[in-house]
>>> print(open('structure_2.csv').read())   # CSV, C-alpha atoms and all ligand atoms
chain,number,residue,atom,x,y,z
A,700,MET,CA,0.0,0.0,0.0
A,701,THR,CA,2.1,2.9,-1.2
A,702,GLU,CA,-0.7,5.5,-1.5
A,703,SER,CA,-1.4,7.4,1.7
A,704,LYS,CA,-4.7,6.6,3.2
A,705,LYS,CA,-6.8,7.9,6.1
A,706,ILE,CA,-7.0,5.4,9.0
A,707,LEU,CA,-9.3,5.9,12.0
A,708,VAL,CA,-8.1,4.0,15.1
A,709,THR,CA,-10.5,3.6,18.0
A,710,GLY,CA,-9.2,2.7,21.5
A,711,ALA,CA,-6.1,4.7,20.7
A,712,ASN,CA,-5.2,5.0,24.3
A,713,GLY,CA,-5.4,1.2,24.9
A,714,LEU,CA,-2.6,-1.4,24.8
A,715,LEU,CA,-3.3,-2.4,21.2
A,716,GLY,CA,-4.4,1.1,20.0
A,717,GLN,CA,-1.1,2.6,21.1
A,718,LYS,CA,1.0,0.0,19.4
A,719,VAL,CA,-1.0,0.1,16.2
A,720,THR,CA,-0.6,3.9,16.1
A,721,GLU,CA,3.1,3.6,16.7
A,722,LEU,CA,3.6,1.0,13.9
A,723,PHE,CA,1.5,2.9,11.4
A,724,ALA,CA,3.3,6.1,12.2
A,725,HIS,CA,6.8,4.5,11.9
A,726,GLU,CA,6.2,2.2,8.9
A,727,THR,CA,3.7,3.9,6.7
A,728,SER,CA,2.8,7.4,5.5
A,729,HIS,CA,-0.9,7.1,6.2
A,730,GLU,CA,-2.9,9.8,7.8
A,731,LEU,CA,-4.0,8.6,11.2
A,732,ILE,CA,-7.0,9.9,13.1
A,733,LEU,CA,-7.1,8.7,16.7
A,734,THR,CA,-10.0,8.4,19.1
A,735,ASP,CA,-10.8,7.0,22.5
A,736,LEU,CA,-13.3,7.5,25.3
A,737,HIS,CA,-11.2,10.0,27.2
A,738,ASP,CA,-8.5,12.6,26.5
A,739,HIS,CA,-5.3,11.6,24.7
A,740,ALA,CA,-3.0,9.4,26.8
A,741,PHE,CA,0.2,10.3,24.8
A,742,GLU,CA,1.6,12.9,22.5
A,743,SER,CA,-0.4,13.2,19.3
A,744,ARG,CA,2.6,13.0,17.0
A,745,GLY,CA,0.8,15.4,14.8
A,746,PHE,CA,-2.3,13.3,14.3
A,747,ASP,CA,-5.8,14.4,14.8
A,748,TYR,CA,-7.2,13.1,18.1
A,749,PHE,CA,-10.8,13.5,19.4
A,750,PRO,CA,-12.6,11.8,22.3
A,751,MET,CA,-15.6,9.8,21.3
A,752,ASP,CA,-17.9,7.3,23.0
A,753,ILE,CA,-18.4,4.7,20.4
A,754,THR,CA,-21.7,3.6,21.9
A,755,LYS,CA,-23.2,6.9,20.7
A,756,LYS,CA,-24.5,6.2,17.2
A,757,GLU,CA,-24.7,9.8,16.0
A,758,GLU,CA,-21.2,10.6,17.2
A,759,VAL,CA,-19.8,7.6,15.3
A,760,LYS,CA,-21.8,8.5,12.2
A,761,GLU,CA,-20.6,12.1,12.3
A,762,ALA,CA,-17.0,11.1,12.8
A,763,VAL,CA,-16.9,8.7,9.9
A,764,LYS,CA,-18.7,11.2,7.7
A,765,LYS,CA,-16.3,14.0,8.7
A,766,TYR,CA,-13.0,12.1,8.3
A,767,ASP,CA,-14.0,9.6,5.6
A,768,PRO,CA,-11.4,7.0,6.5
A,769,LYS,CA,-10.4,4.2,4.2
A,770,TYR,CA,-9.9,1.9,7.2
A,771,ILE,CA,-11.5,1.9,10.6
A,772,ILE,CA,-9.4,-0.1,13.0
A,773,ASN,CA,-11.6,-0.9,16.0
A,774,THR,CA,-9.4,-1.8,19.0
A,775,ALA,CA,-11.9,-0.2,21.5
A,776,ALA,CA,-13.8,-2.7,23.7
A,777,TYR,CA,-15.0,-3.4,27.2
A,778,THR,CA,-12.2,-5.8,27.9
A,779,ASN,CA,-12.8,-6.6,31.6
A,780,VAL,CA,-14.0,-10.2,31.3
A,781,ASP,CA,-15.6,-10.4,34.8
A,782,GLY,CA,-16.9,-6.8,34.5
A,783,CYS,CA,-18.8,-7.9,31.3
A,784,GLU,CA,-20.4,-10.8,33.3
A,785,THR,CA,-21.8,-8.4,35.8
A,786,ASP,CA,-22.4,-5.3,33.7
A,787,ARG,CA,-24.0,-7.0,30.7
A,788,GLU,CA,-25.7,-3.9,29.4
A,789,LEU,CA,-22.5,-1.9,29.1
A,790,SER,CA,-20.7,-4.9,27.7
A,791,TRP,CA,-23.2,-5.2,24.9
A,792,LYS,CA,-23.3,-1.5,24.2
A,793,VAL,CA,-19.5,-1.3,23.8
A,794,ASN,CA,-18.7,-4.7,22.3
A,795,VAL,CA,-21.7,-5.1,20.0
A,796,ASP,CA,-23.9,-2.0,19.5
A,797,ALA,CA,-20.8,0.2,18.8
A,798,VAL,CA,-19.7,-2.2,16.1
A,799,LYS,CA,-23.1,-2.0,14.5
A,800,HIS,CA,-22.8,1.8,14.5
A,801,PHE,CA,-19.5,1.5,12.6
A,802,ILE,CA,-21.2,-0.9,10.2
A,803,ILE,CA,-23.9,1.6,9.4
A,804,ALA,CA,-21.4,4.5,9.0
A,805,SER,CA,-19.2,2.3,6.8
A,806,ARG,CA,-22.1,1.6,4.4
A,807,ILE,CA,-22.3,5.3,3.6
A,808,ASN,CA,-18.5,5.9,3.3
A,809,SER,CA,-17.4,2.4,2.0
A,810,SER,CA,-14.8,2.3,4.8
A,811,LYS,CA,-13.3,-1.0,5.6
A,812,ILE,CA,-13.5,-2.2,9.2
A,813,ILE,CA,-10.7,-4.1,10.8
A,814,HIS,CA,-12.1,-5.4,14.1
A,815,ILE,CA,-10.4,-7.2,17.0
A,816,SER,CA,-11.9,-10.3,18.6
A,817,THR,CA,-10.9,-12.9,21.1
A,818,ASP,CA,-10.1,-16.6,21.8
A,819,TYR,CA,-13.0,-16.3,24.4
A,820,VAL,CA,-15.4,-17.0,21.5
A,821,PHE,CA,-14.3,-20.6,22.0
A,822,ASP,CA,-15.2,-23.0,24.9
A,823,GLY,CA,-11.6,-24.2,25.2
A,824,LYS,CA,-12.5,-27.8,25.3
A,825,SER,CA,-10.3,-29.0,22.4
A,826,GLY,CA,-7.9,-26.2,21.5
A,827,ASN,CA,-6.2,-25.9,18.1
A,828,TYR,CA,-8.8,-23.6,16.8
A,829,SER,CA,-8.7,-22.4,13.2
A,830,GLU,CA,-10.6,-19.5,11.7
A,831,GLY,CA,-13.3,-22.0,10.6
A,832,SER,CA,-13.7,-23.7,14.0
A,833,LYS,CA,-17.2,-23.5,15.6
A,834,PRO,CA,-17.3,-20.8,18.4
A,835,ASN,CA,-19.1,-21.6,21.7
A,836,PRO,CA,-18.4,-18.8,24.2
A,837,LEU,CA,-18.6,-19.5,27.9
A,838,SER,CA,-18.7,-15.9,29.1
A,839,TYR,CA,-20.8,-12.9,28.4
A,840,TYR,CA,-17.6,-11.1,27.2
A,841,GLY,CA,-17.1,-14.0,24.7
A,842,LYS,CA,-20.8,-13.9,23.7
A,843,SER,CA,-20.6,-10.1,23.1
A,844,LYS,CA,-17.5,-10.4,21.0
A,845,LEU,CA,-19.0,-13.3,18.9
A,846,ALA,CA,-22.2,-11.2,18.3
A,847,ALA,CA,-20.0,-8.4,17.0
A,848,GLU,CA,-18.2,-10.9,14.7
A,849,ASN,CA,-21.5,-12.2,13.4
A,850,ALA,CA,-22.8,-8.6,12.9
A,851,LEU,CA,-19.8,-7.8,10.8
A,852,LEU,CA,-19.7,-11.0,8.8
A,853,THR,CA,-23.4,-10.8,7.9
A,854,SER,CA,-23.4,-7.0,7.2
A,855,GLY,CA,-22.0,-7.1,3.7
A,856,VAL,CA,-19.4,-4.4,4.6
A,857,ASP,CA,-15.8,-5.0,3.7
A,858,CYS,CA,-14.1,-6.2,7.0
A,859,ALA,CA,-11.4,-8.2,8.5
A,860,ILE,CA,-11.7,-9.7,12.0
A,861,VAL,CA,-8.6,-10.6,14.0
A,862,ARG,CA,-8.9,-12.9,17.0
A,863,THR,CA,-6.1,-12.8,19.5
A,864,MET,CA,-5.4,-13.8,23.1
A,865,ILE,CA,-3.5,-13.0,26.3
A,866,LEU,CA,-2.1,-9.7,25.1
A,867,TYR,CA,0.9,-8.2,26.9
A,868,GLY,CA,3.2,-5.3,26.2
A,869,LYS,CA,4.4,-1.9,27.1
A,870,GLY,CA,2.3,1.3,26.8
A,871,LYS,CA,1.6,4.6,28.5
A,872,ASP,CA,-0.9,5.0,31.3
A,873,LEU,CA,-2.5,1.6,30.8
A,874,ARG,CA,-4.3,-0.7,33.1
A,875,PRO,CA,-1.5,-3.3,33.9
A,876,ASN,CA,-1.7,-6.3,31.5
A,877,PHE,CA,-0.7,-9.8,32.9
A,878,ALA,CA,3.0,-9.4,32.2
A,879,ILE,CA,3.3,-5.9,33.6
A,880,TRP,CA,1.2,-6.7,36.7
A,881,LEU,CA,3.4,-9.8,37.3
A,882,LEU,CA,6.5,-7.7,36.9
A,883,GLN,CA,5.3,-5.2,39.5
A,884,MET,CA,4.3,-7.8,42.0
A,885,LEU,CA,7.5,-9.8,41.7
A,886,SER,CA,9.7,-6.7,41.7
A,887,GLU,CA,8.0,-5.6,45.0
A,888,LYS,CA,8.7,-9.2,46.3
A,889,ASN,CA,5.0,-10.0,46.6
A,890,LYS,CA,3.8,-13.6,46.5
A,891,VAL,CA,1.4,-14.4,43.6
A,892,THR,CA,-0.9,-17.3,42.8
A,893,ILE,CA,-1.2,-18.1,39.1
A,894,VAL,CA,-3.4,-20.7,37.5
A,895,ASP,CA,-1.7,-23.7,35.9
A,896,ASP,CA,-4.8,-25.1,34.2
A,897,GLN,CA,-5.5,-22.3,31.7
A,898,PHE,CA,-3.5,-22.8,28.5
A,899,GLY,CA,-3.1,-20.4,25.6
A,900,MET,CA,-0.6,-18.7,23.4
A,901,PRO,CA,0.5,-15.4,25.0
A,902,THR,CA,0.8,-12.6,22.5
A,903,ILE,CA,3.2,-9.6,22.6
A,904,VAL,CA,1.2,-6.7,21.4
A,905,ASP,CA,3.9,-5.8,18.8
A,906,ASP,CA,3.1,-9.1,16.8
A,907,LEU,CA,-0.6,-8.4,16.8
A,908,ALA,CA,-0.2,-4.8,15.7
A,909,TRP,CA,2.2,-5.9,13.0
A,910,GLY,CA,-0.5,-8.3,11.7
A,911,ILE,CA,-3.1,-5.6,11.7
A,912,VAL,CA,-0.8,-3.2,9.7
A,913,LYS,CA,-0.2,-6.1,7.2
A,914,ILE,CA,-3.9,-6.8,6.8
A,915,ALA,CA,-4.4,-3.1,5.9
A,916,ASP,CA,-1.3,-3.1,3.7
A,917,LEU,CA,-2.4,-6.1,1.7
A,918,ASN,CA,-6.1,-5.1,1.9
A,919,LYS,CA,-7.1,-8.6,3.3
A,920,SER,CA,-10.6,-9.4,4.4
A,921,GLY,CA,-12.2,-12.2,6.5
A,922,MET,CA,-11.1,-13.9,9.7
A,923,TYR,CA,-7.5,-14.1,11.0
A,924,HIS,CA,-6.1,-15.8,14.1
A,925,ILE,CA,-3.0,-13.9,15.4
A,926,CYS,CA,-1.2,-14.8,18.6
A,927,GLY,CA,2.2,-15.8,20.0
A,928,SER,CA,3.8,-19.0,18.7
A,929,GLU,CA,4.1,-20.8,22.0
A,930,TYR,CA,1.5,-22.8,23.9
A,931,CYS,CA,1.8,-22.7,27.7
A,932,ASN,CA,-0.2,-22.2,30.9
A,933,ARG,CA,-0.3,-19.0,32.9
A,934,TYR,CA,2.0,-20.4,35.6
A,935,GLU,CA,4.6,-21.5,33.1
A,936,PHE,CA,4.5,-18.0,31.5
A,937,ALA,CA,5.0,-16.4,35.0
A,938,VAL,CA,8.0,-18.7,35.8
A,939,LYS,CA,9.6,-17.8,32.4
A,940,LEU,CA,9.0,-14.1,33.1
A,941,ALA,CA,10.7,-14.4,36.5
A,942,GLY,CA,13.7,-16.1,34.9
A,943,ILE,CA,14.1,-13.5,32.1
A,944,PHE,CA,13.7,-10.5,34.4
A,945,GLY,CA,15.9,-12.0,37.2
A,946,LEU,CA,13.1,-12.1,39.7
A,947,ASN,CA,12.4,-14.7,42.3
A,948,GLU,CA,10.2,-17.5,40.9
A,949,ASN,CA,9.7,-19.0,44.3
A,950,LEU,CA,7.2,-16.2,44.9
A,951,ILE,CA,4.9,-17.8,42.3
A,952,MET,CA,2.5,-20.4,43.5
A,953,PRO,CA,0.4,-22.5,41.1
A,954,ILE,CA,-3.4,-22.7,41.7
A,955,LYS,CA,-6.4,-23.9,39.9
A,956,THR,CA,-9.0,-21.8,38.1
A,957,SER,CA,-11.7,-23.2,40.4
A,958,ASP,CA,-9.9,-21.7,43.4
A,959,LEU,CA,-10.4,-18.1,42.0
A,960,ASN,CA,-14.3,-18.0,42.0
A,961,GLN,CA,-14.2,-15.6,39.0
A,962,ALA,CA,-17.5,-14.2,37.8
A,963,ALA,CA,-16.9,-15.4,34.2
A,964,ALA,CA,-15.9,-18.9,33.1
A,965,ARG,CA,-12.7,-19.1,31.1
A,966,PRO,CA,-11.7,-21.4,28.2
A,967,MET,CA,-9.1,-23.9,29.5
A,968,ASN,CA,-7.3,-24.4,26.2
A,969,SER,CA,-7.9,-21.9,23.5
A,970,SER,CA,-4.8,-22.5,21.4
A,971,PHE,CA,-5.0,-21.2,17.8
A,972,ILE,CA,-3.8,-22.6,14.5
A,973,LEU,CA,-1.9,-19.7,12.8
A,974,LEU,CA,-1.4,-21.2,9.4
A,975,LYS,CA,-3.6,-18.6,7.6
A,976,ALA,CA,-1.9,-15.6,9.1
A,977,GLU,CA,1.5,-17.2,8.5
A,978,THR,CA,0.7,-17.9,4.8
A,979,ASP,CA,-1.4,-14.8,3.9
A,980,LEU,CA,0.4,-12.2,5.9
A,981,GLY,CA,3.9,-13.7,6.5
A,982,LEU,CA,3.3,-13.6,10.3
A,983,LYS,CA,6.3,-15.0,12.3
A,984,PRO,CA,5.1,-14.5,15.8
A,985,LEU,CA,7.5,-14.5,18.8
A,986,ASN,CA,7.6,-17.3,21.4
A,987,VAL,CA,7.3,-16.5,25.1
A,988,THR,CA,11.0,-16.2,25.7
A,989,GLU,CA,11.5,-13.9,22.6
A,990,GLY,CA,8.4,-11.8,23.5
A,991,LEU,CA,9.5,-11.3,27.1
A,992,ASN,CA,13.0,-10.4,26.1
A,993,LEU,CA,11.6,-7.8,23.7
A,994,LEU,CA,9.5,-6.4,26.5
A,995,LYS,CA,12.6,-6.3,28.7
A,996,VAL,CA,14.4,-4.2,26.1
A,997,GLN,CA,11.4,-1.9,25.7
A,998,LEU,CA,11.2,-1.4,29.4
A,999,GLY,CA,14.9,-0.6,29.6
A,1000,LEU,CA,15.5,-3.3,32.2
B,1101,LIG,N1,-6.1,-7.7,26.4
B,1101,LIG,C1,-6.2,-9.0,26.0
B,1101,LIG,O1,-5.6,-9.9,26.6
B,1101,LIG,C2,-7.1,-9.4,24.8
B,1101,LIG,C3,-7.3,-10.7,24.5
B,1101,LIG,C4,-8.1,-11.0,23.4
B,1101,LIG,C5,-8.7,-10.0,22.7
B,1101,LIG,N2,-8.5,-8.7,23.0
B,1101,LIG,C6,-9.2,-7.7,22.2
B,1101,LIG,O2,-8.2,-6.8,21.7
B,1101,LIG,C7,-8.7,-5.5,21.6
B,1101,LIG,C8,-7.7,-4.5,22.2
B,1101,LIG,O3,-7.5,-4.9,23.6
B,1101,LIG,P1,-6.6,-4.0,24.6
B,1101,LIG,O4,-6.0,-5.0,25.6
B,1101,LIG,O5,-5.8,-3.1,23.8
B,1101,LIG,O6,-7.8,-3.2,25.3
B,1101,LIG,P2,-7.6,-1.9,26.3
B,1101,LIG,O7,-6.2,-1.7,26.6
B,1101,LIG,O8,-8.6,-2.1,27.4
B,1101,LIG,O9,-8.1,-0.7,25.3
B,1101,LIG,C9,-9.5,-0.6,25.0
B,1101,LIG,C10,-9.7,0.9,24.8
B,1101,LIG,O10,-11.1,1.0,24.5
B,1101,LIG,C11,-11.6,2.1,25.2
B,1101,LIG,N3,-13.1,2.2,25.3
B,1101,LIG,C12,-13.8,1.5,26.2
B,1101,LIG,N4,-15.1,1.8,26.1
B,1101,LIG,C13,-15.2,2.7,25.1
B,1101,LIG,C14,-16.2,3.5,24.5
B,1101,LIG,N5,-17.5,3.4,24.9
B,1101,LIG,N6,-15.9,4.4,23.6
B,1101,LIG,C15,-14.6,4.6,23.1
B,1101,LIG,N7,-13.6,3.9,23.6
B,1101,LIG,C16,-13.9,3.0,24.6
B,1101,LIG,C17,-10.9,2.0,26.6
B,1101,LIG,O11,-11.0,3.2,27.3
B,1101,LIG,P3,-11.0,3.1,28.9
B,1101,LIG,O12,-9.7,2.5,29.3
B,1101,LIG,O13,-11.1,4.6,29.3
B,1101,LIG,O14,-12.2,2.3,29.3
B,1101,LIG,C18,-9.5,1.6,26.2
B,1101,LIG,O15,-8.7,2.8,25.9
B,1101,LIG,C19,-10.1,-5.5,22.2
B,1101,LIG,O16,-11.0,-5.7,21.2
B,1101,LIG,C20,-10.1,-6.8,23.0
B,1101,LIG,O17,-11.4,-7.4,23.1
B,1101,LIG,C21,-7.7,-8.4,24.1
>>> encode(input="structure_2.csv", output="structure tokens", more="lines below")
Ligand SMILES: NC(=O)c1ccc[n+]([C@@H]2O[C@H](COP(=O)([O-])OP(=O)(O)OC[C@H]3O[C@@H](n4cnc5c(N)ncnc54)[C@H](OP(=O)(O)O)[C@@H]3O)[C@@H](O)[C@H]2O)c1
Amino acid sequence: MTESKKILVTGANGLLGQKVTELFAHETSHELILTDLHDHAFESRGFDYFPMDITKKEEVKEAVKKYDPKYIINTAAYTNVDGCETDRELSWKVNVDAVKHFIIASRINSSKIIHISTDYVFDGKSGNYSEGSKPNPLSYYGKSKLAAENALLTSGVDCAIVRTMILYGKGKDLRPNFAIWLLQMLSEKNKVTIVDDQFGMPTIVDDLAWGIVKIADLNKSGMYHICGSEYCNRYEFAVKLAGIFGLNENLIMPIKTSDLNQAAARPMNSSFILLKAETDLGLKPLNVTEGLNLLKVQLGL
């Protein structure tokens, strides 16, 4: 994609939104327009930024009409899985209704929507999910994300959907993701209990953002699975993190998911098959050791 295009990024203050913005800014000459619920979390780098609540249909319509983006990259979501279970109305508004607002706006402008979804659309009973595997969400978060996928896929608008999982990475003024939280806890010599029965493929946000930029570059449509290349449980991830950052792994105690009494049920094994992203996009995702080493460099540790 050599021609400069307008790209609207929602959730620009979030973990993925910040990284997508950084990559587009460094590697392309596209005109970025950034938005999120609140004021800007970081310097605008010369891009337009405006706060917008994506659950407000008229605001979304007006913004898409005004900026006329070629691509809308929707990284905004209500991502608190247990919060979604208890505040279902808000979860549906942000994760489903807002996507429908973008669909309606895109019909007028012919914008393409690149939307982010989750491994939580699967029940985690078998793992090894490909893009064609049958979803069966266990949680309200997963149900809301699946409903958004279905709204997009049946809308007729040009779209790509990227499912990912266990995102970690560096950003500014973020709620701590799993790796950053763990780093803080272990650095302060706190004991932590981590589940050893939830398996997945942890994803450094850089790999996901790279895949999204590539989807835009190559103008790909349809479903893509993008995550890290290594399958492990959360406890194994935590022990590797302690080793790489020179922290005390004896502070980490394994526990079972059933000990946590979380509001939302989690898939126990939501591993992805990445063949489509590897073949179509040239994705070469990092394993856990590589991802954590990159994070260490980024944090200057
Ligand atoms: N994080 C993971 O492990 C993970 C795993 C699988 C899939 N995903 C998906 O990946 C995407 C990006 O996740 P992330 O970790 O980057 O999320 P994040 O850091 O929580 O960022 C989401 C952003 O959306 C904003 N937002 C929430 N409600 C909004 C509204 N009504 N209007 C406008 N903006 C709103 C949030 O603002 P506030 O912070 O002010 O609420 C936040 O800045 C999401 O679609 C998520 O479902 C994430």
>>> atom_distance(input="structure_2.csv", atom1="atom CA of Gly870 of chain A", atom2="atom O5 of ligand LIG 1101 (chain B)")
9.7 Å
>>> residues_around(input="structure_2.csv", residues="Arg933 of chain A", least_positions_apart="5", cutoff="12 Å", atoms="only C-alpha atoms", output="list in words")
Ile865, Phe877, Ala878, Leu881, Val891, Thr892, Ile893, Val894, Asp895, Asp896, Gln897, Phe898, Gly899, Met900, Pro901, Val938, Lys939, Leu940, Ile951, Met952, Pro953, Ile954, Lys955, Thr956, Met967, Asn968 and Val987 of chain A
>>> atom_distance(input="structure_2.csv", atom1="atom CA of Leu736 of chain A", atom2="atom CA of Pro875 of chain A")
18.2 Å
>>> residues_near_ligand(input="structure_2.csv", ligand="ligand LIG 1101 (chain B)", cutoff="6 Å", atoms="all atoms listed in the file", output="PDB file with C-alpha atoms, keeping the file's coordinate frame")
ATOM      1  CA  GLY A 710      -9.200   2.700  21.500  1.00  0.00           C
ATOM      2  CA  ASN A 712      -5.200   5.000  24.300  1.00  0.00           C
ATOM      3  CA  GLY A 713      -5.400   1.200  24.900  1.00  0.00           C
ATOM      4  CA  LEU A 714      -2.600  -1.400  24.800  1.00  0.00           C
ATOM      5  CA  LEU A 715      -3.300  -2.400  21.200  1.00  0.00           C
ATOM      6  CA  GLY A 716      -4.400   1.100  20.000  1.00  0.00           C
ATOM      7  CA  ASP A 735     -10.800   7.000  22.500  1.00  0.00           C
ATOM      8  CA  LEU A 736     -13.300   7.500  25.300  1.00  0.00           C
ATOM      9  CA  HIS A 737     -11.200  10.000  27.200  1.00  0.00           C
ATOM     10  CA  MET A 751     -15.600   9.800  21.300  1.00  0.00           C
ATOM     11  CA  ASP A 752     -17.900   7.300  23.000  1.00  0.00           C
ATOM     12  CA  ILE A 753     -18.400   4.700  20.400  1.00  0.00           C
ATOM     13  CA  THR A 754     -21.700   3.600  21.900  1.00  0.00           C
ATOM     14  CA  THR A 774      -9.400  -1.800  19.000  1.00  0.00           C
ATOM     15  CA  ALA A 775     -11.900  -0.200  21.500  1.00  0.00           C
ATOM     16  CA  ALA A 776     -13.800  -2.700  23.700  1.00  0.00           C
ATOM     17  CA  TYR A 777     -15.000  -3.400  27.200  1.00  0.00           C
ATOM     18  CA  THR A 778     -12.200  -5.800  27.900  1.00  0.00           C
ATOM     19  CA  VAL A 793     -19.500  -1.300  23.800  1.00  0.00           C
ATOM     20  CA  ILE A 815     -10.400  -7.200  17.000  1.00  0.00           C
ATOM     21  CA  SER A 816     -11.900 -10.300  18.600  1.00  0.00           C
ATOM     22  CA  THR A 817     -10.900 -12.900  21.100  1.00  0.00           C
ATOM     23  CA  THR A 863      -6.100 -12.800  19.500  1.00  0.00           C
ATOM     24  CA  MET A 864      -5.400 -13.800  23.100  1.00  0.00           C
ATOM     25  CA  ILE A 865      -3.500 -13.000  26.300  1.00  0.00           C
ATOM     26  CA  LEU A 866      -2.100  -9.700  25.100  1.00  0.00           C
TER      27      LEU A 866
END
>>> atom_distance(input="structure_2.csv", atom1="atom CA of Ile813 of chain A", atom2="atom CA of Asn827 of chain A")
23.4 Å
>>> closest_residue(input="structure_2.csv", among="A:Asn986, A:Phe944, A:Leu852, A:Asp747", to="Gly999 of chain A", atoms="only C-alpha atoms")
A:Phe944
>>> closest_residue(input="structure_2.csv", among="A:Ser957, A:Ser886, A:Ser928, A:Asn849", to="Leu973 of chain A", atoms="all atoms listed in the file")
A:Ser928
>>> closest_residue(input="structure_2.csv", among="A:Pro966, A:Gly945, A:Gly855, A:Pro750", to="Asn835 of chain A", atoms="all atoms listed in the file")
A:Pro966
>>> closest_residue(input="structure_2.csv", among="A:Ser805, A:Arg874, A:Val798, A:Ala963", to="Ala846 of chain A", atoms="all atoms listed in the file")
A:Val798
>>> closest_residue(input="structure_2.csv", among="A:Ala941, A:Met922, A:Val719, A:Val780", to="Val904 of chain A", atoms="all atoms listed in the file")
A:Val719
>>> closest_residue(input="structure_2.csv", among="A:Lys792, A:Lys869, A:Lys760, A:His725", to="Ile903 of chain A", atoms="only C-alpha atoms")
A:Lys869
>>> residues_around(input="structure_2.csv", residues="His729 of chain A", least_positions_apart="3", cutoff="9 Å", atoms="only C-alpha atoms", output="PDB file with C-alpha atoms, in the coordinates of the input")
ATOM      1  CA  GLU A 702      -0.700   5.500  -1.500  1.00  0.00           C
ATOM      2  CA  SER A 703      -1.400   7.400   1.700  1.00  0.00           C
ATOM      3  CA  LYS A 704      -4.700   6.600   3.200  1.00  0.00           C
ATOM      4  CA  LYS A 705      -6.800   7.900   6.100  1.00  0.00           C
ATOM      5  CA  ILE A 706      -7.000   5.400   9.000  1.00  0.00           C
ATOM      6  CA  PHE A 723       1.500   2.900  11.400  1.00  0.00           C
ATOM      7  CA  ALA A 724       3.300   6.100  12.200  1.00  0.00           C
TER       8      ALA A 724
END
>>> residues_around(input="structure_2.csv", residues="Lys844 of chain A", least_positions_apart="4", cutoff="8 Å", atoms="all atoms listed in the file", output="VMD selection string")
chain A and resid 794 to 795 816 to 817 820 840 848
>>> residues_around(input="structure_2.csv", residues="Cys858 of chain A", least_positions_apart="5", cutoff="10 Å", atoms="all atoms listed in the file", output="MDAnalysis selection string")
chainID A and resid 770:772 802 805 810:814 848 851:852 918:922
>>> write_last_selection(input="structure_2.csv", atoms="C-alpha atoms", output="mmCIF file, in the coordinates of the input")
data_model
loop_
_atom_site.group_PDB
_atom_site.id
_atom_site.type_symbol
_atom_site.label_atom_id
_atom_site.label_comp_id
_atom_site.auth_asym_id
_atom_site.auth_seq_id
_atom_site.Cartn_x
_atom_site.Cartn_y
_atom_site.Cartn_z
ATOM 1 C CA TYR A 770 -9.900 1.900 7.200
ATOM 2 C CA ILE A 771 -11.500 1.900 10.600
ATOM 3 C CA ILE A 772 -9.400 -0.100 13.000
ATOM 4 C CA ILE A 802 -21.200 -0.900 10.200
ATOM 5 C CA SER A 805 -19.200 2.300 6.800
ATOM 6 C CA SER A 810 -14.800 2.300 4.800
ATOM 7 C CA LYS A 811 -13.300 -1.000 5.600
ATOM 8 C CA ILE A 812 -13.500 -2.200 9.200
ATOM 9 C CA ILE A 813 -10.700 -4.100 10.800
ATOM 10 C CA HIS A 814 -12.100 -5.400 14.100
ATOM 11 C CA GLU A 848 -18.200 -10.900 14.700
ATOM 12 C CA LEU A 851 -19.800 -7.800 10.800
ATOM 13 C CA LEU A 852 -19.700 -11.000 8.800
ATOM 14 C CA ASN A 918 -6.100 -5.100 1.900
ATOM 15 C CA LYS A 919 -7.100 -8.600 3.300
ATOM 16 C CA SER A 920 -10.600 -9.400 4.400
ATOM 17 C CA GLY A 921 -12.200 -12.200 6.500
ATOM 18 C CA MET A 922 -11.100 -13.900 9.700
#
>>> decode(input="structure_2.csv", residues="segment 759-767 of chain A", atoms="N, CA and C atoms", output="PDB file, in the first residue's frame")
ATOM      1  N   VAL A 759     -20.579   8.468  16.158  1.00  0.00           N
ATOM      2  CA  VAL A 759     -19.824   7.581  15.265  1.00  0.00           C
ATOM      3  C   VAL A 759     -20.121   7.956  13.806  1.00  0.00           C
ATOM      4  N   LYS A 760     -21.397   8.152  13.522  1.00  0.00           N
ATOM      5  CA  LYS A 760     -21.799   8.502  12.153  1.00  0.00           C
ATOM      6  C   LYS A 760     -21.141   9.807  11.698  1.00  0.00           C
ATOM      7  N   GLU A 761     -21.191  10.791  12.581  1.00  0.00           N
ATOM      8  CA  GLU A 761     -20.607  12.101  12.257  1.00  0.00           C
ATOM      9  C   GLU A 761     -19.100  12.012  12.036  1.00  0.00           C
ATOM     10  N   ALA A 762     -18.422  11.245  12.914  1.00  0.00           N
ATOM     11  CA  ALA A 762     -16.954  11.130  12.814  1.00  0.00           C
ATOM     12  C   ALA A 762     -16.557  10.451  11.503  1.00  0.00           C
ATOM     13  N   VAL A 763     -17.259   9.388  11.149  1.00  0.00           N
ATOM     14  CA  VAL A 763     -16.915   8.666   9.912  1.00  0.00           C
ATOM     15  C   VAL A 763     -17.221   9.544   8.703  1.00  0.00           C
ATOM     16  N   LYS A 764     -18.328  10.292   8.790  1.00  0.00           N
ATOM     17  CA  LYS A 764     -18.679  11.202   7.692  1.00  0.00           C
ATOM     18  C   LYS A 764     -17.613  12.296   7.553  1.00  0.00           C
ATOM     19  N   LYS A 765     -17.205  12.853   8.691  1.00  0.00           N
ATOM     20  CA  LYS A 765     -16.257  13.975   8.675  1.00  0.00           C
ATOM     21  C   LYS A 765     -14.884  13.553   8.145  1.00  0.00           C
ATOM     22  N   TYR A 766     -14.358  12.435   8.657  1.00  0.00           N
ATOM     23  CA  TYR A 766     -12.976  12.064   8.313  1.00  0.00           C
ATOM     24  C   TYR A 766     -12.886  11.161   7.081  1.00  0.00           C
ATOM     25  N   ASP A 767     -13.991  10.483   6.760  1.00  0.00           N
ATOM     26  CA  ASP A 767     -14.039   9.617   5.577  1.00  0.00           C
ATOM     27  C   ASP A 767     -12.827   8.666   5.502  1.00  0.00           C
TER      28      ASP A 767
END
